Amino acid sequence: MLNIESLLGQIPKELADRKKKKREMQKLFQTYGQELVVYGHGNLGIELEKGLENADWPVRCFLDAKKPTDLSQKNINLKDAKQYLSENAIIIVALYDIFSEYPSIQRNLKEKGFQNIFSILDLCVLCGSTRSGAF
């Protein structure tokens, strides 16, 4: 059984892990930020795109399993992803039901060879605000 002392004792490790992940994510964004992709071309994905672009992180395209590839709409169907994106693309999964859907989407993307996959929650917790400074 967990008690409050053991929970509090885990905080320093969790903070250190988050700082490490943040540094890793910063490096990825600096290296591969030109290939920033939002998985999910629905309302949440569109709002994420606006936020990223306001922070000077232009979104290259959307990746969506349910919409057809249409480059004029910046949309790539998941089955066509390898044709248009490098394995180093930064893919941020933006779905409302992130807790239940993210693990299978992440696994599917990794099976396709993509390496840099994050949930929208990872972005919120790890990144903060802007490209140039407070990342």
# chains A, B, ... in the order shown; residues from 1 in each chain; ligands from 1
call {"tool": "closest_atom_pairs", "arguments": {"of": "stretch 75-133 of chain A", "to": "stretch 34-42 of chain A", "cutoff": "8 Å", "atoms": "only C-alpha atoms", "output": "tab-separated table"}}
result
residue	atom	partner	partner_atom	distance
A:Asn75	CA	A:His41	CA	7.4
A:Leu85	CA	A:Glu35	CA	7.8
A:Asn88	CA	A:Glu35	CA	7.9
A:Ala89	CA	A:Glu35	CA	5.1
A:Ile90	CA	A:Leu36	CA	4.9
A:Ile91	CA	A:Val37	CA	4.8
A:Ile92	CA	A:Val38	CA	5.0
A:Val93	CA	A:Tyr39	CA	4.6
A:Ala94	CA	A:Gly40	CA	5.5
A:Leu95	CA	A:Gly40	CA	6.2
call {"tool": "select_by_dssp", "arguments": {"residues": "chain A", "states": "helix (DSSP H, G or I)", "output": "ChimeraX atom specification"}}
result
/A:4-35,43-54,71-73,78-84,98-111,120-127
call {"tool": "residues_around", "arguments": {"residues": "A:Asn77", "least_positions_apart": "2", "cutoff": "6 Å", "atoms": "only C-alpha atoms", "output": "PDB file with N, CA and C atoms, in the first residue's frame"}}
result
ATOM      1  N   LEU A  63      -1.727  14.084 -40.177  1.00  0.00           N
ATOM      2  CA  LEU A  63      -1.748  12.659 -40.459  1.00  0.00           C
ATOM      3  C   LEU A  63      -3.043  12.134 -39.860  1.00  0.00           C
ATOM      4  N   ASP A  64      -3.837  11.426 -40.648  1.00  0.00           N
ATOM      5  CA  ASP A  64      -5.132  10.975 -40.160  1.00  0.00           C
ATOM      6  C   ASP A  64      -5.484   9.648 -40.804  1.00  0.00           C
ATOM      7  N   ALA A  65      -5.900   8.692 -39.989  1.00  0.00           N
ATOM      8  CA  ALA A  65      -6.242   7.362 -40.495  1.00  0.00           C
ATOM      9  C   ALA A  65      -7.597   7.330 -41.179  1.00  0.00           C
ATOM     10  N   LYS A  67      -9.064  10.093 -42.924  1.00  0.00           N
ATOM     11  CA  LYS A  67      -9.232  11.031 -44.028  1.00  0.00           C
ATOM     12  C   LYS A  67      -8.279  10.664 -45.158  1.00  0.00           C
ATOM     13  N   PRO A  68      -8.719  10.889 -46.398  1.00  0.00           N
ATOM     14  CA  PRO A  68      -7.847  10.552 -47.531  1.00  0.00           C
ATOM     15  C   PRO A  68      -6.689  11.543 -47.662  1.00  0.00           C
ATOM     16  N   THR A  69      -5.635  11.091 -48.309  1.00  0.00           N
ATOM     17  CA  THR A  69      -4.518  11.986 -48.590  1.00  0.00           C
ATOM     18  C   THR A  69      -4.991  13.065 -49.542  1.00  0.00           C
ATOM     19  N   LYS A  79      -1.990   5.352 -44.131  1.00  0.00           N
ATOM     20  CA  LYS A  79      -1.425   4.324 -45.013  1.00  0.00           C
ATOM     21  C   LYS A  79      -0.405   4.913 -45.993  1.00  0.00           C
ATOM     22  N   ASP A  80      -0.456   6.219 -46.247  1.00  0.00           N
ATOM     23  CA  ASP A  80       0.469   6.877 -47.164  1.00  0.00           C
ATOM     24  C   ASP A  80       1.622   7.590 -46.449  1.00  0.00           C
TER      25      ASP A  80
END
call {"tool": "select_by_dssp", "arguments": {"residues": "stretch 62-127 of chain A", "states": "strand (DSSP E or B)", "output": "number ranges by chain"}}
result
A: 62-64, 70, 75-77, 90-93, 116-119
call {"tool": "closest_residue", "arguments": {"among": "A:Lys19, A:Arg60, A:Lys112, A:Lys50", "to": "A:Leu78", "atoms": "only C-alpha atoms"}}
result
A:Lys112
call {"tool": "decode", "arguments": {"residues": "stretch 45-79 of chain A", "atoms": "N, CA, C and O atoms", "output": "PDB file, in the first residue's frame"}}
result
ATOM      1  N   GLY A  45      -6.808  18.778 -33.377  1.00  0.00           N
ATOM      2  CA  GLY A  45      -5.617  18.880 -34.218  1.00  0.00           C
ATOM      3  C   GLY A  45      -5.479  20.244 -34.864  1.00  0.00           C
ATOM      4  O   GLY A  45      -4.388  20.817 -34.924  1.00  0.00           O
ATOM      5  N   ILE A  46      -6.599  20.792 -35.322  1.00  0.00           N
ATOM      6  CA  ILE A  46      -6.579  22.120 -35.945  1.00  0.00           C
ATOM      7  C   ILE A  46      -6.217  23.192 -34.914  1.00  0.00           C
ATOM      8  O   ILE A  46      -5.435  24.097 -35.196  1.00  0.00           O
ATOM      9  N   GLU A  47      -6.744  23.074 -33.707  1.00  0.00           N
ATOM     10  CA  GLU A  47      -6.393  24.028 -32.641  1.00  0.00           C
ATOM     11  C   GLU A  47      -4.929  23.897 -32.252  1.00  0.00           C
ATOM     12  O   GLU A  47      -4.253  24.901 -31.994  1.00  0.00           O
ATOM     13  N   LEU A  48      -4.418  22.674 -32.216  1.00  0.00           N
ATOM     14  CA  LEU A  48      -3.003  22.467 -31.921  1.00  0.00           C
ATOM     15  C   LEU A  48      -2.151  23.116 -33.004  1.00  0.00           C
ATOM     16  O   LEU A  48      -1.153  23.773 -32.703  1.00  0.00           O
ATOM     17  N   GLU A  49      -2.535  22.947 -34.255  1.00  0.00           N
ATOM     18  CA  GLU A  49      -1.798  23.576 -35.352  1.00  0.00           C
ATOM     19  C   GLU A  49      -1.726  25.090 -35.153  1.00  0.00           C
ATOM     20  O   GLU A  49      -0.651  25.694 -35.288  1.00  0.00           O
ATOM     21  N   LYS A  50      -2.838  25.701 -34.816  1.00  0.00           N
ATOM     22  CA  LYS A  50      -2.853  27.158 -34.591  1.00  0.00           C
ATOM     23  C   LYS A  50      -1.893  27.539 -33.469  1.00  0.00           C
ATOM     24  O   LYS A  50      -1.141  28.509 -33.594  1.00  0.00           O
ATOM     25  N   GLY A  51      -1.930  26.793 -32.371  1.00  0.00           N
ATOM     26  CA  GLY A  51      -1.047  27.093 -31.250  1.00  0.00           C
ATOM     27  C   GLY A  51       0.419  26.932 -31.604  1.00  0.00           C
ATOM     28  O   GLY A  51       1.254  27.772 -31.244  1.00  0.00           O
ATOM     29  N   LEU A  52       0.745  25.855 -32.306  1.00  0.00           N
ATOM     30  CA  LEU A  52       2.131  25.637 -32.709  1.00  0.00           C
ATOM     31  C   LEU A  52       2.609  26.730 -33.660  1.00  0.00           C
ATOM     32  O   LEU A  52       3.724  27.242 -33.522  1.00  0.00           O
ATOM     33  N   GLU A  53       1.764  27.092 -34.600  1.00  0.00           N
ATOM     34  CA  GLU A  53       2.162  28.124 -35.557  1.00  0.00           C
ATOM     35  C   GLU A  53       2.286  29.489 -34.891  1.00  0.00           C
ATOM     36  O   GLU A  53       3.164  30.271 -35.254  1.00  0.00           O
ATOM     37  N   ASN A  54       1.456  29.765 -33.900  1.00  0.00           N
ATOM     38  CA  ASN A  54       1.597  31.016 -33.141  1.00  0.00           C
ATOM     39  C   ASN A  54       2.908  31.052 -32.366  1.00  0.00           C
ATOM     40  O   ASN A  54       3.420  32.125 -32.048  1.00  0.00           O
ATOM     41  N   ALA A  55       3.445  29.881 -32.040  1.00  0.00           N
ATOM     42  CA  ALA A  55       4.723  29.782 -31.335  1.00  0.00           C
ATOM     43  C   ALA A  55       5.888  29.621 -32.320  1.00  0.00           C
ATOM     44  O   ALA A  55       6.981  29.223 -31.939  1.00  0.00           O
ATOM     45  N   ASP A  56       5.639  29.923 -33.592  1.00  0.00           N
ATOM     46  CA  ASP A  56       6.656  29.827 -34.650  1.00  0.00           C
ATOM     47  C   ASP A  56       7.117  28.409 -34.938  1.00  0.00           C
ATOM     48  O   ASP A  56       8.270  28.165 -35.290  1.00  0.00           O
ATOM     49  N   TRP A  57       6.213  27.463 -34.778  1.00  0.00           N
ATOM     50  CA  TRP A  57       6.474  26.079 -35.158  1.00  0.00           C
ATOM     51  C   TRP A  57       5.475  25.686 -36.243  1.00  0.00           C
ATOM     52  O   TRP A  57       4.411  25.153 -35.949  1.00  0.00           O
ATOM     53  N   PRO A  58       5.785  25.952 -37.509  1.00  0.00           N
ATOM     54  CA  PRO A  58       4.829  25.623 -38.570  1.00  0.00           C
ATOM     55  C   PRO A  58       4.602  24.118 -38.704  1.00  0.00           C
ATOM     56  O   PRO A  58       5.549  23.327 -38.662  1.00  0.00           O
ATOM     57  N   VAL A  59       3.366  23.747 -38.831  1.00  0.00           N
ATOM     58  CA  VAL A  59       2.983  22.342 -39.008  1.00  0.00           C
ATOM     59  C   VAL A  59       3.055  22.012 -40.492  1.00  0.00           C
ATOM     60  O   VAL A  59       2.444  22.691 -41.314  1.00  0.00           O
ATOM     61  N   ARG A  60       3.803  20.982 -40.813  1.00  0.00           N
ATOM     62  CA  ARG A  60       3.949  20.581 -42.212  1.00  0.00           C
ATOM     63  C   ARG A  60       2.656  19.995 -42.757  1.00  0.00           C
ATOM     64  O   ARG A  60       2.240  20.284 -43.879  1.00  0.00           O
ATOM     65  N   CYS A  61       2.026  19.119 -41.941  1.00  0.00           N
ATOM     66  CA  CYS A  61       0.807  18.482 -42.411  1.00  0.00           C
ATOM     67  C   CYS A  61       0.102  17.785 -41.251  1.00  0.00           C
ATOM     68  O   CYS A  61       0.606  17.736 -40.137  1.00  0.00           O
ATOM     69  N   PHE A  62      -1.073  17.261 -41.573  1.00  0.00           N
ATOM     70  CA  PHE A  62      -1.838  16.424 -40.646  1.00  0.00           C
ATOM     71  C   PHE A  62      -1.726  14.984 -41.122  1.00  0.00           C
ATOM     72  O   PHE A  62      -1.685  14.720 -42.321  1.00  0.00           O
ATOM     73  N   LEU A  63      -1.727  14.084 -40.177  1.00  0.00           N
ATOM     74  CA  LEU A  63      -1.748  12.659 -40.459  1.00  0.00           C
ATOM     75  C   LEU A  63      -3.043  12.134 -39.860  1.00  0.00           C
ATOM     76  O   LEU A  63      -3.346  12.415 -38.699  1.00  0.00           O
ATOM     77  N   ASP A  64      -3.837  11.426 -40.648  1.00  0.00           N
ATOM     78  CA  ASP A  64      -5.132  10.975 -40.160  1.00  0.00           C
ATOM     79  C   ASP A  64      -5.484   9.648 -40.804  1.00  0.00           C
ATOM     80  O   ASP A  64      -5.372   9.502 -42.016  1.00  0.00           O
ATOM     81  N   ALA A  65      -5.900   8.692 -39.989  1.00  0.00           N
ATOM     82  CA  ALA A  65      -6.242   7.362 -40.495  1.00  0.00           C
ATOM     83  C   ALA A  65      -7.597   7.330 -41.179  1.00  0.00           C
ATOM     84  O   ALA A  65      -7.886   6.410 -41.940  1.00  0.00           O
ATOM     85  N   LYS A  66      -8.434   8.336 -40.932  1.00  0.00           N
ATOM     86  CA  LYS A  66      -9.802   8.305 -41.443  1.00  0.00           C
ATOM     87  C   LYS A  66     -10.040   9.248 -42.616  1.00  0.00           C
ATOM     88  O   LYS A  66     -11.096   9.203 -43.227  1.00  0.00           O
ATOM     89  N   LYS A  67      -9.064  10.093 -42.924  1.00  0.00           N
ATOM     90  CA  LYS A  67      -9.232  11.031 -44.028  1.00  0.00           C
ATOM     91  C   LYS A  67      -8.279  10.664 -45.158  1.00  0.00           C
ATOM     92  O   LYS A  67      -7.167  10.216 -44.916  1.00  0.00           O
ATOM     93  N   PRO A  68      -8.719  10.889 -46.398  1.00  0.00           N
ATOM     94  CA  PRO A  68      -7.847  10.552 -47.531  1.00  0.00           C
ATOM     95  C   PRO A  68      -6.689  11.543 -47.662  1.00  0.00           C
ATOM     96  O   PRO A  68      -6.767  12.683 -47.200  1.00  0.00           O
ATOM     97  N   THR A  69      -5.635  11.091 -48.309  1.00  0.00           N
ATOM     98  CA  THR A  69      -4.518  11.986 -48.590  1.00  0.00           C
ATOM     99  C   THR A  69      -4.991  13.065 -49.542  1.00  0.00           C
ATOM    100  O   THR A  69      -5.554  12.784 -50.598  1.00  0.00           O
ATOM    101  N   ASP A  70      -4.791  14.308 -49.136  1.00  0.00           N
ATOM    102  CA  ASP A  70      -5.157  15.472 -49.932  1.00  0.00           C
ATOM    103  C   ASP A  70      -4.162  16.577 -49.563  1.00  0.00           C
ATOM    104  O   ASP A  70      -4.327  17.264 -48.557  1.00  0.00           O
ATOM    105  N   LEU A  71      -3.125  16.697 -50.363  1.00  0.00           N
ATOM    106  CA  LEU A  71      -2.057  17.634 -50.032  1.00  0.00           C
ATOM    107  C   LEU A  71      -2.524  19.082 -50.061  1.00  0.00           C
ATOM    108  O   LEU A  71      -1.956  19.927 -49.368  1.00  0.00           O
ATOM    109  N   SER A  72      -3.575  19.384 -50.827  1.00  0.00           N
ATOM    110  CA  SER A  72      -4.106  20.757 -50.830  1.00  0.00           C
ATOM    111  C   SER A  72      -4.732  21.113 -49.482  1.00  0.00           C
ATOM    112  O   SER A  72      -4.827  22.283 -49.129  1.00  0.00           O
ATOM    113  N   GLN A  73      -5.138  20.087 -48.717  1.00  0.00           N
ATOM    114  CA  GLN A  73      -5.682  20.283 -47.376  1.00  0.00           C
ATOM    115  C   GLN A  73      -4.652  19.953 -46.294  1.00  0.00           C
ATOM    116  O   GLN A  73      -5.001  19.873 -45.113  1.00  0.00           O
ATOM    117  N   LYS A  74      -3.408  19.730 -46.709  1.00  0.00           N
ATOM    118  CA  LYS A  74      -2.319  19.353 -45.801  1.00  0.00           C
ATOM    119  C   LYS A  74      -2.631  18.066 -45.043  1.00  0.00           C
ATOM    120  O   LYS A  74      -2.259  17.905 -43.893  1.00  0.00           O
ATOM    121  N   ASN A  75      -3.336  17.138 -45.670  1.00  0.00           N
ATOM    122  CA  ASN A  75      -3.713  15.898 -45.003  1.00  0.00           C
ATOM    123  C   ASN A  75      -3.072  14.701 -45.692  1.00  0.00           C
ATOM    124  O   ASN A  75      -3.092  14.592 -46.910  1.00  0.00           O
ATOM    125  N   ILE A  76      -2.506  13.803 -44.860  1.00  0.00           N
ATOM    126  CA  ILE A  76      -1.934  12.561 -45.355  1.00  0.00           C
ATOM    127  C   ILE A  76      -2.604  11.418 -44.603  1.00  0.00           C
ATOM    128  O   ILE A  76      -2.628  11.415 -43.373  1.00  0.00           O
ATOM    129  N   ASN A  77      -3.130  10.471 -45.353  1.00  0.00           N
ATOM    130  CA  ASN A  77      -3.718   9.293 -44.722  1.00  0.00           C
ATOM    131  C   ASN A  77      -2.596   8.446 -44.144  1.00  0.00           C
ATOM    132  O   ASN A  77      -1.508   8.351 -44.710  1.00  0.00           O
ATOM    133  N   LEU A  78      -2.879   7.810 -43.034  1.00  0.00           N
ATOM    134  CA  LEU A  78      -1.881   7.007 -42.345  1.00  0.00           C
ATOM    135  C   LEU A  78      -1.221   5.979 -43.257  1.00  0.00           C
ATOM    136  O   LEU A  78      -0.011   5.769 -43.199  1.00  0.00           O
ATOM    137  N   LYS A  79      -1.990   5.352 -44.131  1.00  0.00           N
ATOM    138  CA  LYS A  79      -1.425   4.324 -45.013  1.00  0.00           C
ATOM    139  C   LYS A  79      -0.405   4.913 -45.993  1.00  0.00           C
ATOM    140  O   LYS A  79       0.454   4.196 -46.504  1.00  0.00           O
TER     141      LYS A  79
END
